[in-house]
>>> print(open('input.csv').read())   # CSV, C-alpha atoms
chain,number,residue,atom,x,y,z
R,1,MET,CA,32.4,122.0,0.5
R,2,SER,CA,36.0,122.9,-0.5
R,3,SER,CA,39.1,121.7,1.3
R,4,ALA,CA,39.3,125.2,2.9
R,5,GLY,CA,35.8,124.7,4.4
R,6,ILE,CA,34.0,127.2,2.2
R,7,SER,CA,30.7,126.5,0.6
R,8,VAL,CA,28.0,128.5,-1.3
R,9,ALA,CA,24.2,128.2,-1.4
R,10,LYS,CA,22.1,130.5,-3.6
R,11,GLU,CA,18.6,131.6,-2.6
R,12,ASP,CA,16.7,134.1,-4.7
R,13,GLY,CA,19.7,136.0,-5.9
R,14,VAL,CA,21.5,135.9,-2.6
R,15,ALA,CA,24.7,133.8,-2.3
R,16,ILE,CA,25.2,132.5,1.3
R,17,VAL,CA,29.0,131.9,1.7
R,18,THR,CA,29.6,129.6,4.7
R,19,PHE,CA,33.0,129.2,6.4
R,20,ALA,CA,33.2,125.8,8.1
R,21,GLY,CA,36.9,125.1,8.4
R,22,GLU,CA,37.3,123.3,11.8
R,23,PRO,CA,38.3,124.1,14.4
R,24,VAL,CA,38.2,127.9,14.1
R,25,ASN,CA,38.1,129.0,10.4
R,26,ALA,CA,41.8,129.9,10.4
R,27,MET,CA,42.5,132.0,7.4
R,28,SER,CA,45.3,130.1,5.7
R,29,LEU,CA,46.6,130.6,2.2
R,30,ALA,CA,44.2,127.9,1.0
R,31,PHE,CA,41.3,129.8,2.7
R,32,TRP,CA,42.1,133.0,0.9
R,33,LYS,CA,42.7,131.4,-2.5
R,34,GLU,CA,39.3,129.7,-2.2
R,35,LEU,CA,37.6,132.8,-0.9
R,36,LEU,CA,39.0,134.9,-3.8
R,37,ALA,CA,37.9,132.3,-6.4
R,38,THR,CA,34.4,132.2,-4.8
R,39,VAL,CA,33.9,135.9,-4.7
R,40,GLU,CA,35.2,136.3,-8.2
R,41,GLY,CA,32.8,133.7,-9.4
R,42,LEU,CA,29.8,135.2,-7.6
R,43,ASP,CA,30.8,138.7,-8.7
R,44,ALA,CA,30.6,137.6,-12.3
R,45,ASP,CA,27.3,135.7,-11.9
R,46,PRO,CA,24.5,137.9,-13.2
R,47,GLU,CA,22.0,135.9,-11.2
R,48,VAL,CA,23.7,136.8,-7.9
R,49,ARG,CA,22.8,140.2,-6.5
R,50,ALA,CA,24.2,139.8,-2.9
R,51,MET,CA,26.6,137.9,-0.8
R,52,VAL,CA,26.3,137.0,2.9
R,53,PHE,CA,29.3,135.6,4.7
R,54,HIS,CA,28.7,133.6,7.9
R,55,SER,CA,30.3,130.8,10.0
R,56,GLY,CA,29.0,127.3,9.9
R,57,LEU,CA,31.1,126.2,13.0
R,58,LYS,CA,29.3,124.9,16.0
R,59,LYS,CA,31.3,127.0,18.4
R,60,SER,CA,30.7,130.8,18.7
R,61,VAL,CA,33.5,131.9,16.3
R,62,PHE,CA,33.1,133.7,12.9
R,63,THR,CA,36.8,133.2,12.3
R,64,ALA,CA,39.9,133.2,14.5
R,65,GLY,CA,41.7,135.4,12.0
R,66,LEU,CA,44.9,134.8,10.0
R,67,ASP,CA,46.5,131.4,10.3
R,68,ILE,CA,49.6,132.1,12.4
R,69,ARG,CA,51.5,129.4,10.6
R,70,GLU,CA,51.4,131.6,7.5
R,71,LEU,CA,53.3,134.4,9.2
R,72,TYR,CA,56.4,133.0,10.8
R,73,VAL,CA,59.4,130.9,9.8
R,74,PRO,CA,60.2,128.0,9.7
R,75,MET,CA,56.6,127.3,8.9
R,76,THR,CA,56.7,129.6,5.9
R,77,ASN,CA,59.1,131.3,3.5
R,78,HIS,CA,59.6,134.5,1.6
R,79,ASP,CA,57.7,133.5,-1.5
R,80,ARG,CA,54.8,131.9,0.4
R,81,VAL,CA,54.5,135.0,2.6
R,82,TYR,CA,54.3,137.3,-0.4
R,83,GLU,CA,51.7,135.0,-2.0
R,84,PHE,CA,49.7,134.9,1.2
R,85,TRP,CA,49.5,138.7,1.6
R,86,ALA,CA,48.9,139.3,-2.1
R,87,THR,CA,46.0,136.8,-2.2
R,88,LEU,CA,44.3,138.0,1.0
R,89,SER,CA,44.6,141.6,-0.1
R,90,GLU,CA,43.1,140.8,-3.5
R,91,ALA,CA,40.2,138.9,-1.9
R,92,LEU,CA,39.5,141.8,0.6
R,93,VAL,CA,39.6,144.4,-2.2
R,94,LYS,CA,37.2,142.3,-4.3
R,95,ILE,CA,34.7,142.1,-1.4
R,96,TYR,CA,35.1,145.8,-0.7
R,97,SER,CA,34.7,146.9,-4.3
R,98,THR,CA,32.0,144.6,-5.6
R,99,PRO,CA,28.9,146.3,-6.8
R,100,LYS,CA,26.8,143.5,-5.2
R,101,VAL,CA,25.3,143.9,-1.8
R,102,THR,CA,27.5,142.3,0.9
R,103,ALA,CA,26.8,141.4,4.5
R,104,ALA,CA,28.6,139.7,7.3
R,105,ALA,CA,26.6,137.6,9.8
R,106,ILE,CA,29.0,137.4,12.7
R,107,LYS,CA,28.7,134.7,15.3
R,108,GLY,CA,30.8,135.2,18.4
R,109,ALA,CA,34.5,136.1,18.2
R,110,CYS,CA,35.7,138.0,15.1
R,111,PRO,CA,39.3,139.2,15.5
R,112,ALA,CA,41.8,140.4,12.9
R,113,GLY,CA,41.3,139.0,9.4
R,114,GLY,CA,37.6,138.2,10.2
R,115,CYS,CA,37.1,141.8,11.4
R,116,VAL,CA,38.5,143.4,8.3
R,117,LEU,CA,36.6,141.1,6.1
R,118,SER,CA,33.4,142.1,7.9
R,119,LEU,CA,34.3,145.8,7.7
R,120,CYS,CA,34.6,145.4,3.9
R,121,CYS,CA,31.0,144.4,3.8
R,122,ASP,CA,28.0,146.8,3.4
R,123,TYR,CA,26.1,145.5,6.4
R,124,ARG,CA,27.1,143.7,9.6
R,125,ALA,CA,25.0,141.8,12.1
R,126,ILE,CA,26.5,140.2,15.3
R,127,THR,CA,25.4,138.0,18.1
R,128,ALA,CA,25.1,139.4,21.6
R,129,ASP,CA,28.1,137.4,22.8
R,130,GLY,CA,30.2,138.7,19.9
R,131,SER,CA,33.4,140.7,19.9
R,132,MET,CA,35.4,142.2,17.0
R,133,GLY,CA,38.6,144.2,16.4
R,134,LEU,CA,42.0,144.3,14.9
R,135,ASN,CA,44.2,143.0,17.8
R,136,GLU,CA,47.4,142.5,15.8
R,137,VAL,CA,49.6,144.7,18.1
R,138,ILE,CA,49.0,142.2,21.0
R,139,LEU,CA,50.6,139.6,18.8
R,140,GLY,CA,53.5,141.8,17.9
R,141,ILE,CA,52.2,142.4,14.4
R,142,PRO,CA,51.6,145.9,12.9
R,143,VAL,CA,48.0,146.4,11.6
R,144,PRO,CA,48.3,146.5,7.7
R,145,HIS,CA,47.8,150.0,6.3
R,146,PHE,CA,44.7,149.1,4.2
R,147,TRP,CA,43.1,147.4,7.2
R,148,ALA,CA,43.7,150.5,9.3
R,149,GLN,CA,42.2,152.7,6.6
R,150,VAL,CA,39.1,150.6,6.4
R,151,PHE,CA,38.8,150.5,10.2
R,152,ALA,CA,39.1,154.3,10.5
R,153,SER,CA,36.5,154.9,7.7
R,154,VAL,CA,34.0,153.1,9.9
R,155,THR,CA,34.9,154.2,13.4
R,156,GLY,CA,36.5,157.6,12.8
R,157,GLN,CA,40.2,158.5,13.0
R,158,ARG,CA,40.5,159.1,16.8
R,159,GLN,CA,38.6,156.0,17.8
R,160,ALA,CA,40.7,154.0,15.3
R,161,GLU,CA,43.9,155.3,16.9
R,162,LEU,CA,42.7,154.3,20.4
R,163,LEU,CA,41.4,150.9,19.4
R,164,LEU,CA,44.2,149.8,17.1
R,165,GLN,CA,47.1,150.8,19.2
R,166,SER,CA,45.6,149.0,22.2
R,167,GLY,CA,44.5,145.9,20.3
R,168,ALA,CA,41.0,146.3,21.7
R,169,MET,CA,38.3,143.8,20.9
R,170,PRO,CA,35.0,145.6,21.7
R,171,LYS,CA,32.0,143.7,22.7
R,172,ALA,CA,28.7,143.8,20.8
R,173,PRO,CA,27.1,146.9,22.6
R,174,GLU,CA,30.2,149.0,22.0
R,175,LEU,CA,30.6,147.7,18.4
R,176,LEU,CA,27.0,149.0,17.8
R,177,LYS,CA,27.9,152.4,19.2
R,178,LEU,CA,31.1,152.6,17.1
R,179,GLY,CA,29.2,151.7,13.9
R,180,MET,CA,31.3,148.6,13.5
R,181,VAL,CA,28.1,146.6,13.4
R,182,ASP,CA,24.6,147.6,12.4
R,183,THR,CA,22.5,145.3,14.6
R,184,VAL,CA,22.9,142.9,17.5
R,185,VAL,CA,20.9,139.7,17.8
R,186,GLU,CA,20.5,137.4,20.8
R,187,THR,CA,21.5,134.0,19.5
R,188,ALA,CA,23.6,132.4,16.8
R,189,GLU,CA,20.4,131.1,15.2
R,190,ASP,CA,19.2,134.7,14.7
R,191,VAL,CA,22.3,136.2,13.1
R,192,LEU,CA,22.1,134.8,9.5
R,193,PRO,CA,18.3,135.4,9.2
R,194,ALA,CA,18.8,139.0,10.4
R,195,ALA,CA,21.5,139.7,7.8
R,196,LEU,CA,19.4,138.1,5.1
R,197,LYS,CA,16.3,140.1,6.0
R,198,GLU,CA,18.3,143.4,5.7
R,199,VAL,CA,19.9,142.3,2.4
R,200,ARG,CA,16.6,141.4,0.9
R,201,ARG,CA,15.2,144.8,1.9
R,202,TRP,CA,18.0,146.4,-0.1
R,203,LEU,CA,17.3,144.2,-3.0
R,204,LYS,CA,13.8,145.7,-3.4
R,205,TYR,CA,15.5,148.5,-5.3
R,206,ARG,CA,17.3,148.5,-8.7
R,207,ASP,CA,20.9,147.3,-8.5
R,208,ALA,CA,22.3,150.0,-10.9
R,209,SER,CA,21.4,153.0,-8.8
R,210,ARG,CA,22.4,151.4,-5.5
R,211,ALA,CA,25.7,150.1,-7.0
R,212,MET,CA,26.6,153.6,-8.3
R,213,THR,CA,25.8,155.1,-4.9
R,214,LYS,CA,28.0,152.5,-3.3
>>> encode(input="input.csv", output="C-alpha coordinates")
Amino acid sequence: MSSAGISVAKEDGVAIVTFAGEPVNAMSLAFWKELLATVEGLDADPEVRAMVFHSGLKKSVFTAGLDIRELYVPMTNHDRVYEFWATLSEALVKIYSTPKVTAAAIKGACPAGGCVLSLCCDYRAITADGSMGLNEVILGIPVPHFWAQVFASVTGQRQAELLLQSGAMPKAPELLKLGMVDTVVETAEDVLPAALKEVRRWLKYRDASRAMTK
(Lines of atoms letter the chains of each structure in order from A and count residues from 1; the text may use other names and numbers.)
(Lines give C-alpha, C1' and ligand atoms only; values in the text may rest on other atoms or scores of the structure.)
Protein backbone atom coordinates (compact mmCIF):
# COMPACT_ATOMS: atom_id res chain seq x y z
CA MET A 1 0.00 0.00 0.00
CA SER A 2 1.21 3.50 -0.84
CA SER A 3 1.73 6.32 1.65
CA ALA A 4 -1.58 7.76 0.41
CA GLY A 5 -3.37 4.55 1.40
CA ILE A 6 -4.10 3.34 -2.15
CA SER A 7 -3.55 -0.27 -3.17
CA VAL A 8 -4.44 -2.38 -6.21
CA ALA A 9 -5.38 -6.04 -6.56
CA LYS A 10 -6.02 -7.65 -9.94
CA GLU A 11 -8.54 -10.45 -10.47
CA ASP A 12 -9.30 -11.83 -13.94
CA GLY A 13 -8.87 -8.54 -15.76
CA VAL A 14 -10.46 -6.41 -13.03
CA ALA A 15 -8.32 -4.03 -10.97
CA ILE A 16 -9.72 -3.43 -7.48
CA VAL A 17 -8.46 -0.06 -6.27
CA THR A 18 -8.74 0.24 -2.50
CA PHE A 19 -8.68 3.52 -0.57
CA ALA A 20 -7.49 2.93 3.02
CA GLY A 21 -6.03 6.22 4.22
CA GLU A 22 -7.04 6.48 7.86
CA PRO A 23 -9.06 7.95 9.33
CA VAL A 24 -11.45 9.01 6.50
CA ASN A 25 -9.64 8.74 3.14
CA ALA A 26 -9.07 12.50 2.98
CA MET A 27 -8.24 13.45 -0.60
CA SER A 28 -4.93 15.28 -0.19
CA LEU A 29 -2.45 16.21 -2.89
CA ALA A 30 -0.58 12.98 -2.14
CA PHE A 31 -3.83 11.04 -2.60
CA TRP A 32 -4.57 12.60 -5.99
CA LYS A 33 -0.99 12.13 -7.22
CA GLU A 34 -1.10 8.47 -6.28
CA LEU A 35 -4.57 7.98 -7.75
CA LEU A 36 -3.53 9.62 -11.03
CA ALA A 37 -0.43 7.43 -11.29
CA THR A 38 -2.50 4.34 -10.43
CA VAL A 39 -5.20 5.02 -13.00
CA GLU A 40 -2.66 5.90 -15.69
CA GLY A 41 -0.85 2.63 -15.04
CA LEU A 42 -4.04 0.58 -15.13
CA ASP A 43 -5.28 2.39 -18.22
CA ALA A 44 -2.07 1.44 -20.04
CA ASP A 45 -2.18 -2.20 -18.89
CA PRO A 46 -3.67 -4.38 -21.68
CA GLU A 47 -4.49 -7.10 -19.14
CA VAL A 48 -6.78 -4.77 -17.19
CA ARG A 49 -10.28 -4.39 -18.61
CA ALA A 50 -12.01 -2.74 -15.65
CA MET A 51 -11.36 -0.74 -12.49
CA VAL A 52 -13.45 -0.84 -9.31
CA PHE A 53 -12.88 1.78 -6.62
CA HIS A 54 -13.83 1.05 -3.02
CA SER A 55 -13.03 1.93 0.59
CA GLY A 56 -10.98 -0.33 2.79
CA LEU A 57 -11.76 1.64 5.96
CA LYS A 58 -13.48 -0.07 8.86
CA LYS A 59 -15.87 2.85 9.32
CA SER A 60 -18.73 3.48 6.92
CA VAL A 61 -17.00 6.07 4.72
CA PHE A 62 -16.04 5.90 1.05
CA THR A 63 -14.07 9.13 1.40
CA ALA A 64 -14.66 12.32 3.36
CA GLY A 65 -13.80 14.39 0.28
CA LEU A 66 -11.05 16.90 -0.31
CA ASP A 67 -8.52 17.42 2.45
CA ILE A 68 -9.51 20.82 3.83
CA ARG A 69 -5.86 21.54 4.65
CA GLU A 70 -5.19 21.78 0.91
CA LEU A 71 -7.65 24.62 0.46
CA TYR A 72 -6.86 27.35 2.97
CA VAL A 73 -3.82 29.41 3.98
CA PRO A 74 -1.63 29.25 5.99
CA MET A 75 -1.72 25.47 5.47
CA THR A 76 -1.13 25.86 1.74
CA ASN A 77 0.13 28.42 -0.80
CA HIS A 78 -0.59 29.57 -4.34
CA ASP A 79 1.67 27.07 -6.09
CA ARG A 80 0.45 24.13 -4.04
CA VAL A 81 -3.21 25.04 -4.56
CA TYR A 82 -2.63 25.20 -8.33
CA GLU A 83 -0.90 21.83 -8.29
CA PHE A 84 -3.66 20.36 -6.13
CA TRP A 85 -6.51 21.35 -8.44
CA ALA A 86 -4.58 20.51 -11.61
CA THR A 87 -3.71 17.04 -10.31
CA LEU A 88 -7.17 16.15 -9.06
CA SER A 89 -8.76 17.42 -12.28
CA GLU A 90 -6.39 15.32 -14.37
CA ALA A 91 -7.16 12.25 -12.27
CA LEU A 92 -10.93 12.73 -12.55
CA VAL A 93 -10.78 13.32 -16.31
CA LYS A 94 -8.67 10.18 -16.66
CA ILE A 95 -11.27 8.12 -14.80
CA TYR A 96 -14.13 9.72 -16.75
CA SER A 97 -12.52 9.19 -20.15
CA THR A 98 -10.85 5.79 -19.82
CA PRO A 99 -12.15 3.17 -22.27
CA LYS A 100 -12.03 0.61 -19.43
CA VAL A 101 -15.15 -0.25 -17.45
CA THR A 102 -15.19 1.71 -14.18
CA ALA A 103 -17.29 1.24 -11.06
CA ALA A 104 -17.53 2.72 -7.58
CA ALA A 105 -18.44 0.48 -4.66
CA ILE A 106 -19.57 3.12 -2.17
CA LYS A 107 -19.62 2.29 1.53
CA GLY A 108 -21.44 4.87 3.64
CA ALA A 109 -20.78 8.60 3.36
CA CYS A 110 -19.50 9.94 0.05
CA PRO A 111 -19.43 13.75 -0.07
CA ALA A 112 -17.71 16.17 -2.44
CA GLY A 113 -14.60 14.73 -4.09
CA GLY A 114 -15.72 11.16 -3.45
CA CYS A 115 -19.07 11.95 -5.05
CA VAL A 116 -17.59 13.37 -8.25
CA LEU A 117 -15.11 10.49 -8.48
CA SER A 118 -18.04 8.08 -8.25
CA LEU A 119 -20.07 10.02 -10.83
CA CYS A 120 -17.13 9.76 -13.23
CA CYS A 121 -17.54 5.97 -13.12
CA ASP A 122 -19.76 3.88 -15.39
CA TYR A 123 -21.51 2.06 -12.55
CA ARG A 124 -22.20 2.85 -8.90
CA ALA A 125 -23.31 0.63 -6.02
CA ILE A 126 -23.94 1.99 -2.52
CA THR A 127 -24.79 0.64 0.91
CA ALA A 128 -28.23 1.22 2.40
CA ASP A 129 -26.76 3.59 5.00
CA GLY A 130 -24.97 5.59 2.32
CA SER A 131 -25.31 9.22 1.31
CA MET A 132 -23.70 11.18 -1.48
CA GLY A 133 -23.62 14.69 -2.88
CA LEU A 134 -21.62 17.81 -3.65
CA ASN A 135 -21.98 19.79 -0.43
CA GLU A 136 -19.36 22.48 -1.13
CA VAL A 137 -21.69 25.45 -0.66
CA ILE A 138 -22.22 24.48 2.98
CA LEU A 139 -18.47 24.88 3.46
CA GLY A 140 -18.40 28.21 1.66
CA ILE A 141 -16.78 26.76 -1.47
CA PRO A 142 -18.30 26.99 -4.98
CA VAL A 143 -18.85 23.69 -6.77
CA PRO A 144 -16.20 23.42 -9.51
CA HIS A 145 -17.68 23.86 -12.99
CA PHE A 146 -16.60 20.44 -14.28
CA TRP A 147 -18.06 18.78 -11.20
CA ALA A 148 -21.38 20.56 -11.69
CA GLN A 149 -21.46 19.47 -15.34
CA VAL A 150 -20.86 15.83 -14.45
CA PHE A 151 -23.48 16.03 -11.71
CA ALA A 152 -26.09 17.56 -14.04
CA SER A 153 -25.38 14.96 -16.73
CA VAL A 154 -26.51 12.31 -14.24
CA THR A 155 -29.36 14.00 -12.38
CA GLY A 156 -30.66 16.42 -15.01
CA GLN A 157 -30.26 20.20 -14.97
CA ARG A 158 -33.11 21.16 -12.62
CA GLN A 159 -32.31 18.56 -9.99
CA ALA A 160 -28.67 19.60 -10.14
CA GLU A 161 -29.63 23.22 -9.51
CA LEU A 162 -31.72 22.28 -6.48
CA LEU A 163 -29.24 19.82 -5.00
CA LEU A 164 -26.03 21.77 -5.59
CA GLN A 165 -27.26 25.14 -4.38
CA SER A 166 -28.56 23.58 -1.16
CA GLY A 167 -25.54 21.35 -0.59
CA ALA A 168 -27.83 18.35 -0.26
CA MET A 169 -26.53 14.88 0.60
CA PRO A 170 -29.31 12.52 -0.54
CA LYS A 171 -29.65 9.13 1.14
CA ALA A 172 -29.44 5.85 -0.73
CA PRO A 173 -33.14 5.53 -1.75
CA GLU A 174 -33.20 9.04 -3.23
CA LEU A 175 -29.82 8.50 -4.91
CA LEU A 176 -31.32 5.49 -6.68
CA LYS A 177 -34.32 7.54 -7.86
CA LEU A 178 -32.03 10.32 -9.10
CA GLY A 179 -29.85 7.87 -11.03
CA MET A 180 -26.81 8.83 -8.97
CA VAL A 181 -26.39 5.17 -8.04
CA ASP A 182 -27.48 2.05 -9.88
CA THR A 183 -28.08 -0.34 -6.99
CA VAL A 184 -28.40 -0.29 -3.21
CA VAL A 185 -27.13 -3.17 -1.06
CA GLU A 186 -27.78 -3.84 2.59
CA THR A 187 -24.32 -4.13 4.10
CA ALA A 188 -20.75 -2.99 3.58
CA GLU A 189 -19.77 -6.59 2.90
CA ASP A 190 -22.19 -6.68 -0.05
CA VAL A 191 -21.13 -3.56 -1.92
CA LEU A 192 -17.86 -4.65 -3.53
CA PRO A 193 -19.24 -8.05 -4.64
CA ALA A 194 -22.27 -6.28 -6.14
CA ALA A 195 -20.07 -3.92 -8.16
CA LEU A 196 -17.79 -6.74 -9.28
CA LYS A 197 -20.74 -8.87 -10.36
CA GLU A 198 -22.05 -6.09 -12.61
CA VAL A 199 -18.62 -5.27 -14.02
CA ARG A 200 -18.02 -8.91 -14.91
CA ARG A 201 -21.39 -9.01 -16.67
CA TRP A 202 -20.22 -6.12 -18.85
CA LEU A 203 -16.95 -7.89 -19.57
CA LYS A 204 -18.77 -10.77 -21.27
CA TYR A 205 -18.79 -8.58 -24.38
CA ARG A 206 -15.97 -7.29 -26.56
CA ASP A 207 -14.17 -4.27 -25.22
CA ALA A 208 -13.90 -2.43 -28.54
CA SER A 209 -17.62 -2.06 -29.22
CA ARG A 210 -18.43 -1.18 -25.61
CA ALA A 211 -15.60 1.35 -25.41
CA MET A 212 -16.65 3.05 -28.64
CA THR A 213 -20.22 3.27 -27.31
CA LYS A 214 -18.94 4.76 -24.05
>>> closest_residue(input="input.csv", among="R:Ile16, R:Met132, R:Ala37, R:Ile106", to="Gly167 in chain R", atoms="all atoms listed in the file")
R:Met132
>>> closest_residue(input="input.csv", among="R:Cys121, R:Leu163, R:Ala9, R:Val191", to="Thr102 in chain R", atoms="only C-alpha atoms")
R:Cys121
>>> closest_residue(input="input.csv", among="R:Ala188, R:Ala86, R:Val24, R:Leu203", to="Val48 in chain R", atoms="only C-alpha atoms")
R:Leu203
>>> residues_around(input="input.csv", residues="range 151-157 of chain R", least_positions_apart="5", cutoff="7 Å", atoms="all atoms listed in the file", output="list in words")
Leu119, Leu178, Gly179 and Met180 of chain R
>>> closest_residue(input="input.csv", among="R:Phe146, R:Tyr205, R:Phe19, R:Trp32", to="Leu88 in chain R", atoms="only C-alpha atoms")
R:Trp32
>>> residues_around(input="input.csv", residues="range 92-99 of chain R", least_positions_apart="3", cutoff="10 Å", atoms="all atoms listed in the file", output="count of residues only")
34
>>> residues_near_point(input="input.csv", point="(22.0, 139.4, 20.1)", cutoff="7 Å", atoms="only C-alpha atoms", output="PDB file with C-alpha atoms, in the frame of the given file")
ATOM      1  CA  ILE R 126      26.500 140.200  15.300  1.00  0.00           C
ATOM      2  CA  THR R 127      25.400 138.000  18.100  1.00  0.00           C
ATOM      3  CA  ALA R 128      25.100 139.400  21.600  1.00  0.00           C
ATOM      4  CA  ASP R 129      28.100 137.400  22.800  1.00  0.00           C
ATOM      5  CA  VAL R 184      22.900 142.900  17.500  1.00  0.00           C
ATOM      6  CA  VAL R 185      20.900 139.700  17.800  1.00  0.00           C
ATOM      7  CA  GLU R 186      20.500 137.400  20.800  1.00  0.00           C
ATOM      8  CA  THR R 187      21.500 134.000  19.500  1.00  0.00           C
TER       9      THR R 187
END
>>> atom_distance(input="input.csv", atom1="CA of Phe84 in chain R", atom2="CA of Lys58 in chain R")
27.1 Å
>>> atom_distance(input="input.csv", atom1="CA of Val52 in chain R", atom2="CA of Ala15 in chain R")
6.3 Å
>>> closest_residue(input="input.csv", among="R:Arg201, R:Ala20, R:Tyr123, R:Gln165", to="Asp182 in chain R", atoms="only C-alpha atoms")
R:Tyr123
>>> closest_residue(input="input.csv", among="R:Ser28, R:Glu34, R:Gly108, R:Asp45", to="Ser60 in chain R", atoms="only C-alpha atoms")
R:Gly108
>>> axis_aligned_box(input="input.csv", around="range 98-109 of chain R", padding_each_side="4 Å", output="JSON")
{"center_x": 29.9, "center_y": 140.5, "center_z": 5.8, "size_x": 17.2, "size_y": 19.6, "size_z": 33.2}
>>> atom_distance(input="input.csv", atom1="CA of Ala64 in chain R", atom2="CA of Asn25 in chain R")
6.1 Å
>>> residues_near_point(input="input.csv", point="(39.8, 147.7, 21.2)", cutoff="12 Å", atoms="all atoms listed in the file", output="ChimeraX atom specification")
/R:111-112,115,131-138,151,155,159-172,174-175,178,180
